[in-house]
file upload-v5.txt (compact mmCIF, C-alpha atoms)
# COMPACT_ATOMS: atom_id res chain seq x y z
CA MET A 1 -29.03 61.99 -10.87
CA LEU A 2 -30.91 58.93 -12.07
CA PHE A 3 -28.27 58.42 -14.77
CA LEU A 4 -25.56 58.57 -12.11
CA ARG A 5 -27.34 55.95 -9.95
CA VAL A 6 -27.81 53.61 -12.91
CA ALA A 7 -24.16 54.07 -13.88
CA ILE A 8 -23.02 53.26 -10.33
CA ILE A 9 -25.21 50.12 -10.23
CA ILE A 10 -23.93 48.94 -13.63
CA LEU A 11 -20.35 49.66 -12.64
CA SER A 12 -20.62 47.80 -9.31
CA LEU A 13 -22.31 44.85 -11.02
CA SER A 14 -19.51 44.72 -13.59
CA PHE A 15 -16.85 44.61 -10.88
CA THR A 16 -18.74 41.82 -9.12
CA LEU A 17 -18.97 39.81 -12.35
CA ILE A 18 -15.30 40.41 -13.23
CA GLY A 19 -14.33 39.33 -9.71
CA ARG A 20 -16.34 36.14 -10.05
CA ALA A 21 -14.89 35.37 -13.47
CA ALA A 22 -11.41 35.83 -12.11
CA ASP A 23 -12.28 33.57 -9.20
CA ALA A 24 -14.08 30.86 -11.13
CA GLY A 25 -11.93 27.78 -11.12
CA GLN A 26 -8.58 29.57 -10.90
CA ALA A 27 -7.46 28.98 -7.33
CA LEU A 28 -3.75 28.78 -6.50
CA HIS A 29 -3.13 27.03 -3.19
CA PRO A 30 -0.41 28.47 -0.96
CA ILE A 31 2.08 25.99 0.46
CA ALA A 32 2.15 26.92 4.12
CA ASP A 33 5.57 25.59 5.13
CA HIS A 34 7.37 27.26 2.20
CA ARG A 35 9.74 24.28 1.98
CA ALA A 36 12.62 24.38 -0.48
CA ALA A 37 11.75 23.18 -3.98
CA PRO A 38 13.64 19.97 -4.82
CA GLY A 39 16.51 20.80 -7.15
CA PHE A 40 16.80 19.26 -10.59
CA ALA A 41 18.94 19.26 -13.70
CA LEU A 42 16.94 17.96 -16.67
CA TYR A 43 17.41 18.10 -20.42
CA ASP A 44 15.05 19.77 -22.85
CA MET A 45 14.33 18.54 -26.38
CA ASP A 46 17.39 20.37 -27.75
CA ASP A 47 19.65 18.55 -25.27
CA LYS A 48 20.10 21.72 -23.25
CA GLN A 49 20.29 21.14 -19.51
CA HIS A 50 18.09 23.24 -17.23
CA SER A 51 18.91 23.36 -13.57
CA LEU A 52 16.47 24.87 -11.10
CA ALA A 53 19.44 26.59 -9.44
CA ASP A 54 20.00 28.55 -12.68
CA TYR A 55 16.72 30.36 -12.05
CA ARG A 56 17.36 31.43 -8.45
CA GLY A 57 16.10 34.99 -7.99
CA LYS A 58 13.19 34.44 -10.40
CA VAL A 59 9.65 33.16 -10.02
CA VAL A 60 9.49 29.73 -11.70
CA ILE A 61 6.31 27.93 -12.76
CA VAL A 62 6.93 24.17 -12.96
CA ASN A 63 4.21 22.13 -14.65
CA PHE A 64 4.30 18.31 -14.52
CA TRP A 65 2.48 16.76 -17.46
CA ALA A 66 2.45 14.03 -20.15
CA THR A 67 1.30 13.98 -23.77
CA TRP A 68 -1.34 11.29 -23.14
CA CYS A 69 -2.98 13.30 -20.31
CA PRO A 70 -6.15 15.00 -21.68
CA PRO A 71 -6.30 17.88 -19.16
CA CYS A 72 -2.57 18.54 -19.68
CA ARG A 73 -3.21 18.97 -23.39
CA GLN A 74 -6.18 21.16 -22.61
CA GLU A 75 -4.19 23.67 -20.57
CA PHE A 76 -1.10 23.88 -22.82
CA PRO A 77 -2.47 26.68 -25.07
CA SER A 78 -3.39 28.87 -22.09
CA MET A 79 0.01 28.19 -20.51
CA GLU A 80 1.66 29.41 -23.71
CA LYS A 81 -0.45 32.59 -23.74
CA ALA A 82 0.37 33.20 -20.07
CA TYR A 83 4.07 32.61 -20.77
CA GLN A 84 4.00 35.27 -23.51
CA GLN A 85 2.80 37.76 -20.89
CA LEU A 86 4.88 36.60 -17.92
CA GLN A 87 8.14 36.40 -19.85
CA LYS A 88 8.15 40.20 -19.93
CA ASP A 89 8.20 40.14 -16.14
CA ASP A 90 11.18 37.76 -16.14
CA ILE A 91 9.00 34.90 -14.86
CA VAL A 92 10.11 31.43 -15.96
CA MET A 93 7.85 28.57 -17.08
CA LEU A 94 9.11 24.99 -17.33
CA ALA A 95 6.99 22.00 -18.34
CA ILE A 96 8.37 18.69 -17.08
CA ASP A 97 7.17 15.69 -19.07
CA VAL A 98 6.82 12.53 -16.99
CA GLY A 99 8.25 9.36 -18.47
CA GLU A 100 8.25 10.07 -22.21
CA ASP A 101 11.05 10.47 -24.73
CA GLY A 102 11.93 13.37 -27.01
CA ASP A 103 10.36 11.84 -30.12
CA THR A 104 6.98 11.48 -28.43
CA ILE A 105 7.08 15.05 -27.15
CA PHE A 106 8.29 16.38 -30.50
CA GLU A 107 5.29 14.80 -32.24
CA PHE A 108 2.98 16.31 -29.64
CA THR A 109 4.37 19.83 -30.07
CA ALA A 110 3.48 19.76 -33.77
CA ASP A 111 -0.16 20.02 -32.64
CA TYR A 112 0.48 22.04 -29.48
CA PRO A 113 3.33 24.45 -30.27
CA VAL A 114 4.82 26.16 -27.22
CA THR A 115 7.86 28.37 -26.69
CA PHE A 116 8.57 27.58 -23.03
CA PRO A 117 11.13 24.81 -22.35
CA ILE A 118 9.87 21.23 -22.10
CA LEU A 119 12.11 19.09 -19.90
CA MET A 120 12.16 15.30 -19.73
CA ASP A 121 11.91 13.36 -16.47
CA MET A 122 12.21 9.94 -18.08
CA ASP A 123 12.31 7.90 -14.87
CA ALA A 124 9.83 10.16 -12.99
CA LYS A 125 12.41 10.64 -10.23
CA ILE A 126 12.04 14.42 -9.99
CA THR A 127 8.26 14.17 -10.28
CA ARG A 128 8.21 11.86 -7.26
CA GLN A 129 10.55 14.16 -5.31
CA TYR A 130 7.98 16.93 -5.73
CA GLY A 131 5.31 14.62 -4.32
CA VAL A 132 3.28 14.68 -7.53
CA ILE A 133 0.77 11.82 -7.69
CA GLY A 134 -1.52 12.96 -10.52
CA LEU A 135 -1.10 14.96 -13.74
CA PRO A 136 -1.13 17.81 -14.36
CA THR A 137 0.26 19.29 -11.17
CA THR A 138 1.89 22.71 -11.11
CA TYR A 139 4.12 24.37 -8.55
CA ILE A 140 5.06 28.00 -8.37
CA ILE A 141 8.49 28.55 -6.88
CA ASP A 142 9.43 31.89 -5.34
CA PRO A 143 12.70 33.73 -6.08
CA GLN A 144 14.25 32.20 -2.95
CA GLY A 145 13.74 28.72 -4.39
CA ARG A 146 10.83 27.83 -2.08
CA LEU A 147 7.51 26.23 -3.02
CA ALA A 148 4.93 29.04 -2.91
CA TYR A 149 1.81 27.54 -4.54
CA GLN A 150 0.46 24.21 -5.74
CA VAL A 151 -2.26 23.47 -8.27
CA ILE A 152 -3.70 20.01 -8.95
CA GLY A 153 -5.48 19.82 -12.30
CA THR A 154 -5.70 22.53 -14.92
CA ARG A 155 -6.25 26.25 -14.65
CA GLU A 156 -7.00 28.97 -17.16
CA TRP A 157 -3.53 30.48 -16.94
CA THR A 158 -4.48 33.69 -18.75
CA ASP A 159 -6.92 34.60 -15.99
CA PRO A 160 -5.91 38.14 -14.88
CA GLY A 161 -6.36 37.31 -11.18
CA LEU A 162 -4.10 34.30 -11.49
CA LEU A 163 -1.44 36.20 -13.44
CA ASN A 164 -1.48 38.98 -10.86
CA ALA A 165 -1.06 36.46 -8.04
CA ILE A 166 2.05 35.13 -9.80
CA ARG A 167 3.43 38.63 -10.40
CA THR A 168 2.83 39.45 -6.74
CA ILE A 169 5.30 36.73 -5.71
CA LYS A 170 7.92 38.55 -7.74
CA SER A 171 7.06 41.96 -6.29
CA GLN A 172 7.11 40.51 -2.75
CA LYS A 173 10.70 39.57 -3.41
CA ALA A 174 11.46 43.03 -4.77
CA ASN A 175 9.87 44.66 -1.70
CA SER A 176 11.75 42.43 0.72
CA GLN A 177 15.13 43.40 -0.75
CA MET B 1 -7.59 -8.19 7.13
CA GLN B 2 -6.45 -4.83 8.50
CA ARG B 3 -7.61 -3.12 5.29
CA TRP B 4 -11.06 -4.72 5.52
CA LEU B 5 -11.31 -3.74 9.18
CA SER B 6 -10.54 -0.12 8.35
CA ILE B 7 -13.16 -0.18 5.59
CA LEU B 8 -15.72 -1.57 8.05
CA ILE B 9 -14.94 1.08 10.69
CA PHE B 10 -15.02 3.81 8.05
CA SER B 11 -18.42 2.62 6.78
CA VAL B 12 -19.93 2.66 10.27
CA VAL B 13 -18.81 6.19 11.18
CA ALA B 14 -19.29 7.82 7.76
CA VAL B 15 -22.27 10.03 7.02
CA PRO B 16 -24.34 8.69 4.10
CA VAL B 17 -24.97 11.44 1.55
CA MET B 18 -28.01 11.73 -0.67
CA ALA B 19 -26.19 12.41 -3.88
CA GLU B 20 -27.41 13.30 -7.33
CA VAL B 21 -26.23 10.73 -9.87
CA LEU B 22 -26.48 11.69 -13.52
CA THR B 23 -26.11 9.25 -16.37
CA GLY B 24 -25.90 9.71 -20.11
CA THR B 25 -23.42 9.67 -22.96
CA ASP B 26 -20.14 11.49 -22.44
CA ALA B 27 -19.88 14.09 -25.20
CA GLU B 28 -16.17 13.54 -25.81
CA ALA B 29 -15.90 9.75 -25.43
CA GLN B 30 -19.34 9.00 -26.88
CA LEU B 31 -19.68 6.32 -24.22
CA PRO B 32 -21.92 5.98 -21.15
CA PHE B 33 -21.04 7.90 -18.02
CA TRP B 34 -22.22 8.02 -14.42
CA GLU B 35 -21.61 11.22 -12.46
CA LEU B 36 -22.10 11.79 -8.75
CA ARG B 37 -22.58 15.36 -7.65
CA VAL B 38 -22.71 16.69 -4.12
CA PRO B 39 -22.06 20.27 -3.04
CA GLY B 40 -18.35 20.90 -3.55
CA MET B 41 -17.53 17.59 -5.27
CA SER B 42 -18.14 15.68 -8.46
CA LEU B 43 -17.01 12.27 -9.65
CA ARG B 44 -17.56 11.18 -13.24
CA LEU B 45 -16.94 7.61 -14.38
CA VAL B 46 -16.85 7.18 -18.16
CA GLN B 47 -16.75 3.71 -19.72
CA ARG B 48 -13.64 2.75 -21.66
CA LEU B 49 -14.00 0.07 -24.29
CA PRO B 50 -11.58 -2.84 -23.82
CA ASP B 51 -10.33 -2.17 -27.36
CA GLN B 52 -9.44 1.41 -26.45
CA THR B 53 -7.55 0.17 -23.42
CA ARG B 54 -5.69 -2.47 -25.43
CA ALA B 55 -4.61 0.11 -28.01
CA TYR B 56 -3.62 2.68 -25.39
CA PHE B 57 -1.35 0.35 -23.42
CA MET B 58 0.12 -1.47 -26.43
CA GLY B 59 1.16 1.99 -27.62
CA ARG B 60 3.02 2.44 -24.34
CA GLY B 61 5.21 -0.62 -24.28
CA PHE B 62 2.88 -3.37 -23.05
CA SER B 63 2.70 -6.67 -24.90
CA LYS B 64 -0.60 -7.80 -26.38
CA ALA B 65 -1.08 -10.29 -23.53
CA GLN B 66 -0.35 -7.68 -20.86
CA ALA B 67 -2.66 -5.10 -22.45
CA GLU B 68 -5.34 -7.80 -22.55
CA GLN B 69 -5.12 -8.20 -18.77
CA ILE B 70 -5.83 -4.50 -18.28
CA ALA B 71 -8.57 -4.43 -20.94
CA GLN B 72 -10.43 -7.23 -19.11
CA SER B 73 -10.38 -5.35 -15.78
CA CYS B 74 -13.37 -3.01 -16.22
CA ILE B 75 -11.58 0.29 -16.75
CA PHE B 76 -13.33 3.64 -16.38
CA GLN B 77 -11.96 7.07 -17.21
CA THR B 78 -12.45 8.93 -13.95
CA ILE B 79 -12.66 12.65 -13.32
CA TYR B 80 -12.70 13.58 -9.65
CA LYS B 81 -13.09 17.27 -8.76
CA ASN B 82 -13.36 19.61 -5.84
CA THR B 83 -15.98 21.92 -7.35
CA ALA B 84 -16.03 24.48 -4.54
CA HIS B 85 -15.53 28.10 -5.58
CA ALA B 86 -12.05 29.59 -5.40
CA GLY B 87 -11.37 30.74 -1.86
CA SER B 88 -13.57 28.05 -0.31
CA PRO B 89 -11.89 26.22 2.58
CA LEU B 90 -13.40 22.88 1.47
CA ILE B 91 -10.85 20.07 1.37
CA ILE B 92 -11.79 16.70 -0.14
CA ASP B 93 -9.72 13.64 0.75
CA TYR B 94 -10.28 10.20 -0.70
CA ASP B 95 -8.71 6.77 -0.58
CA LEU B 96 -9.75 4.38 -3.34
CA GLY B 97 -8.79 1.52 -1.03
CA GLN B 98 -11.92 2.29 0.99
CA TRP B 99 -14.36 2.06 -1.92
CA GLN B 100 -16.51 -1.06 -2.12
CA VAL B 101 -17.65 -2.72 -5.33
CA LEU B 102 -20.96 -4.57 -5.03
CA HIS B 103 -21.47 -7.18 -7.72
CA ALA B 104 -23.55 -10.38 -7.84
CA GLY B 105 -24.06 -10.39 -4.07
CA LYS B 106 -20.37 -10.01 -3.30
CA VAL B 107 -18.30 -7.08 -2.06
CA SER B 108 -14.89 -6.50 -3.61
CA LYS B 109 -12.36 -3.71 -4.00
CA LEU B 110 -10.86 -1.77 -6.86
CA LYS B 111 -7.55 -2.91 -8.29
CA LEU B 112 -5.29 -0.03 -7.28
CA ARG B 113 -2.00 1.36 -8.60
CA GLU B 114 -0.18 -0.56 -5.88
CA ASP B 115 -1.97 -3.84 -6.72
CA TRP B 116 -1.07 -3.45 -10.38
CA GLN B 117 2.50 -2.49 -9.50
CA ARG B 118 2.95 -5.82 -7.67
CA HIS B 119 1.32 -7.58 -10.61
CA TRP B 120 3.70 -6.00 -13.14
CA GLN B 121 6.76 -6.60 -10.98
CA LEU B 122 6.10 -10.32 -11.30
CA GLN B 123 5.80 -9.96 -15.06
CA LYS B 124 8.94 -7.79 -15.33
CA ILE B 125 7.57 -5.08 -17.62
CA ASN B 126 9.91 -2.35 -18.87
CA THR B 127 10.34 0.90 -16.93
CA ALA B 128 8.69 3.18 -19.51
CA ALA B 129 5.58 0.99 -19.57
CA ALA B 130 5.46 0.87 -15.77
CA ILE B 131 5.68 4.66 -15.53
CA ALA B 132 3.00 5.17 -18.20
CA PHE B 133 0.71 2.73 -16.39
CA GLU B 134 1.24 4.23 -12.95
CA TRP B 135 0.52 7.79 -14.05
CA SER B 136 -2.45 6.80 -16.22
CA LEU B 137 -4.33 5.53 -13.18
CA LEU B 138 -6.19 7.83 -10.80
CA PRO B 139 -4.04 8.35 -7.67
CA THR B 140 -4.99 5.93 -4.89
CA ARG B 141 -5.14 8.74 -2.36
CA GLN B 142 -5.46 12.42 -3.03
CA THR B 143 -6.35 15.72 -1.38
CA TYR B 144 -8.21 18.30 -3.41
CA LYS B 145 -8.53 21.93 -2.44
CA ALA B 146 -10.94 24.25 -4.26
CA ASN B 147 -10.84 23.77 -8.06
CA ASP B 148 -8.35 20.88 -7.88
CA TYR B 149 -9.05 17.73 -9.84
CA ASN B 150 -7.50 14.70 -11.51
CA TRP B 151 -8.28 12.55 -14.49
CA GLY B 152 -7.20 8.95 -14.44
CA MET B 153 -8.31 5.41 -15.04
CA THR B 154 -9.89 3.28 -12.34
CA SER B 155 -10.01 -0.49 -12.48
CA PHE B 156 -13.01 -2.26 -10.95
CA ALA B 157 -11.62 -5.75 -11.57
CA LEU B 158 -14.80 -7.21 -13.06
CA PRO B 159 -15.39 -8.95 -16.41
CA PRO B 160 -16.55 -6.81 -19.37
CA GLY B 161 -20.30 -6.17 -19.37
CA SER B 162 -20.67 -6.65 -15.58
CA GLN B 163 -23.25 -4.54 -13.76
CA PHE B 164 -22.35 -3.29 -10.31
CA ASP B 165 -22.82 -0.65 -7.62
CA VAL B 166 -20.00 1.21 -5.96
CA LEU B 167 -19.99 2.57 -2.42
CA LEU B 168 -17.80 5.67 -2.43
CA HIS B 169 -16.05 7.00 0.65
CA TRP B 170 -14.44 10.39 1.05
CA GLN B 171 -13.85 13.09 3.64
CA GLU B 172 -14.95 16.70 3.60
CA ASN B 173 -12.75 18.76 5.91
CA GLY B 174 -12.05 15.58 7.85
CA VAL B 175 -15.69 14.44 8.10
CA ALA B 176 -16.22 10.98 6.60
CA LYS B 177 -18.97 10.75 3.97
CA ASN B 178 -20.23 8.01 1.71
CA ALA B 179 -22.65 7.58 -1.16
CA ARG B 180 -23.73 4.75 -3.41
CA MET B 181 -23.68 4.88 -7.20
CA GLN B 182 -25.96 2.23 -8.63
CA HIS B 183 -26.27 0.22 -11.83
CA LEU B 184 -22.91 1.00 -13.36
CA GLU B 185 -21.82 -1.18 -16.23
CA CYS B 186 -18.38 -2.22 -17.39
CA ALA B 187 -18.03 -1.68 -21.13
CA PRO B 188 -18.72 -4.85 -23.13
CA ASP B 189 -15.84 -6.35 -25.08
CA ILE B 190 -17.09 -5.69 -28.58
CA HIS B 191 -14.99 -5.90 -31.70
CA PRO B 192 -16.59 -3.79 -34.43
CA GLN B 193 -15.98 -5.35 -37.83
CA PRO B 194 -15.50 -3.27 -40.98
CA ASN B 195 -18.52 -3.40 -43.29

call {"tool": "encode", "arguments": {"input": "upload-v5.txt", "output": "structure tokens"}}
result
Amino acid sequence: MLFLRVAIIILSLSFTLIGRAADAGQALHPIADHRAAPGFALYDMDDKQHSLADYRGKVVIVNFWATWCPPCRQEFPSMEKAYQQLQKDDIVMLAIDVGEDGDTIFEFTADYPVTFPILMDMDAKITRQYGVIGLPTTYIIDPQGRLAYQVIGTREWTDPGLLNAIRTIKSQKANSQ
Amino acid sequence: MQRWLSILIFSVVAVPVMAEVLTGTDAEAQLPFWELRVPGMSLRLVQRLPDQTRAYFMGRGFSKAQAEQIAQSCIFQTIYKNTAHAGSPLIIDYDLGQWQVLHAGKVSKLKLREDWQRHWQLQKINTAAAIAFEWSLLPTRQTYKANDYNWGMTSFALPPGSQFDVLLHWQENGVAKNARMQHLECAPDIHPQPN
């Protein structure tokens, strides 16, 4: 009986701690008006054009960043790890570099290798259309092409709570069909 | 005039906050920092050496003379965070245009993105340099929900080595607050020579 009580206490404490860890610093902020995400057609480093419209029907994570931005560099490895998991769920991740050319980004990716597409917004036009005023800023776009969440600053993208929140957007779409 | 009037009104109605201000050496930059902490918010100002600033902007398309103008403007690396726990409804709003710099008995303002933009327009800098500059600076106005933050440079428009105080203004869920950070120091313009 005593063993059972101790086990219950330990188990409940563990859940509390896991909950806090998942919560700590990983908030996604819902965008209440669910406005349409501004469309774009930008080139990646292999000169392949990516249009947001191509990804309609999928959850798309759009991260605005630059190579000189220390927190952007800090979150790139966790974004890559998250992408490895989310790709299986057909969730798209696009990193949009603000104002830099392909050579600069290519040099950067030697130190920070990633497999998700890096697009170039050389004149910052798309970045401004999204209302971004500081880097990094990330938007999560729902399968209907609407802005679902915003994040200003970095997050630990491998956090299970955060990944589940992103997957939930996809399942909401599936349920609504 | 209108801007000064709004600062005056804001100062009168704002609630002064007894804030904890930490100082020391930033582990990453190895330079002095000043950090204000209040429940739900932190602001860290880390000195940037003029030489670092020169090198950074010359690497982004600015001429030596242009980079010099920035380097002489008392630049700090600034990290502004909403430190509330995830799920907290706390919203922090700030406007750097309301901050007051107190130096040698005078009150002045920061040199903001918009001020610099006008400055560069007159000097006709190239687009890539203008974009790099704009995004390197802390946004003039921002809204942070729980866990949100930005890094960016702030320019206090004082000569290297100047000592000053800064009166910070922000809003917590719409309630105006202010706090004073004292005895900050712009990095001196030193040029280390090889032995």

call {"tool": "atom_distance", "arguments": {"input": "upload-v5.txt", "atom1": "atom CA of Asp159 of chain A", "atom2": "atom CA of Ser171 of chain A"}}
result
18.5 Å

call {"tool": "residues_around", "arguments": {"input": "upload-v5.txt", "residues": "Lys177 of chain B", "least_positions_apart": "6", "cutoff": "8 Å", "atoms": "only C-alpha atoms", "output": "PyMOL selection string"}}
result
chain B and resi 14-17+169-171

call {"tool": "closest_residue", "arguments": {"input": "upload-v5.txt", "among": "A:Gln49, A:Thr158, A:Gln85, A:Thr137", "to": "chain B", "atoms": "all atoms listed in the file"}}
result
A:Thr137

call {"tool": "residues_around", "arguments": {"input": "upload-v5.txt", "residues": "Ala19 of chain B", "least_positions_apart": "6", "cutoff": "9 Å", "atoms": "all atoms listed in the file", "output": "ChimeraX atom specification"}}
result
/B:36-39,179-181

call {"tool": "write_last_selection", "arguments": {"input": "upload-v5.txt", "atoms": "C-alpha atoms", "output": "PDB file, in the coordinates of the input"}}
result
ATOM      1  CA  LEU B  36     -22.100  11.790  -8.750  1.00  0.00           C
ATOM      2  CA  ARG B  37     -22.580  15.360  -7.650  1.00  0.00           C
ATOM      3  CA  VAL B  38     -22.710  16.690  -4.120  1.00  0.00           C
ATOM      4  CA  PRO B  39     -22.060  20.270  -3.040  1.00  0.00           C
ATOM      5  CA  ALA B 179     -22.650   7.580  -1.160  1.00  0.00           C
ATOM      6  CA  ARG B 180     -23.730   4.750  -3.410  1.00  0.00           C
ATOM      7  CA  MET B 181     -23.680   4.880  -7.200  1.00  0.00           C
TER       8      MET B 181
END

call {"tool": "interface_residues", "arguments": {"input": "upload-v5.txt", "of": "chain A", "to": "chain B", "cutoff": "8 Å", "atoms": "only C-alpha atoms", "output": "PDB file with C-alpha atoms, in the coordinates of the input"}}
result
ATOM      1  CA  ASP A  23     -12.280  33.570  -9.200  1.00  0.00           C
ATOM      2  CA  ALA A  24     -14.080  30.860 -11.130  1.00  0.00           C
ATOM      3  CA  GLY A  25     -11.930  27.780 -11.120  1.00  0.00           C
ATOM      4  CA  GLN A  26      -8.580  29.570 -10.900  1.00  0.00           C
ATOM      5  CA  ALA A  27      -7.460  28.980  -7.330  1.00  0.00           C
ATOM      6  CA  HIS A  29      -3.130  27.030  -3.190  1.00  0.00           C
ATOM      7  CA  CYS A  69      -2.980  13.300 -20.310  1.00  0.00           C
ATOM      8  CA  PRO A  70      -6.150  15.000 -21.680  1.00  0.00           C
ATOM      9  CA  PRO A  71      -6.300  17.880 -19.160  1.00  0.00           C
ATOM     10  CA  GLY A  99       8.250   9.360 -18.470  1.00  0.00           C
ATOM     11  CA  GLU A 100       8.250  10.070 -22.210  1.00  0.00           C
ATOM     12  CA  MET A 122      12.210   9.940 -18.080  1.00  0.00           C
ATOM     13  CA  ASP A 123      12.310   7.900 -14.870  1.00  0.00           C
ATOM     14  CA  ALA A 124       9.830  10.160 -12.990  1.00  0.00           C
ATOM     15  CA  ILE A 133       0.770  11.820  -7.690  1.00  0.00           C
ATOM     16  CA  GLY A 134      -1.520  12.960 -10.520  1.00  0.00           C
ATOM     17  CA  LEU A 135      -1.100  14.960 -13.740  1.00  0.00           C
ATOM     18  CA  PRO A 136      -1.130  17.810 -14.360  1.00  0.00           C
ATOM     19  CA  VAL A 151      -2.260  23.470  -8.270  1.00  0.00           C
ATOM     20  CA  ILE A 152      -3.700  20.010  -8.950  1.00  0.00           C
ATOM     21  CA  GLY A 153      -5.480  19.820 -12.300  1.00  0.00           C
ATOM     22  CA  THR A 154      -5.700  22.530 -14.920  1.00  0.00           C
TER      23      THR A 154
END

call {"tool": "closest_residue", "arguments": {"input": "upload-v5.txt", "among": "A:Trp68, A:Tyr139, A:Val114, A:Lys48", "to": "Gly59 of chain B", "atoms": "all atoms listed in the file"}}
result
A:Trp68

call {"tool": "axis_aligned_box", "arguments": {"input": "upload-v5.txt", "around": "segment 132-149 of chain B", "padding_each_side": "3 Å", "output": "AutoDock Vina command-line options"}}
result
--center_x -4.0 --center_y 13.5 --center_z -9.8 --size_x 19.9 --size_y 27.5 --size_z 22.8

call {"tool": "closest_residue", "arguments": {"input": "upload-v5.txt", "among": "A:Gly102, A:Pro113, A:Gly131, A:Pro143", "to": "Tyr55 of chain A", "atoms": "only C-alpha atoms"}}
result
A:Pro143

call {"tool": "residues_around", "arguments": {"input": "upload-v5.txt", "residues": "segment 96-108 of chain B", "least_positions_apart": "6", "cutoff": "6 Å", "atoms": "all atoms listed in the file", "output": "VMD selection string"}}
result
chain B and resid 7 140 164 to 169
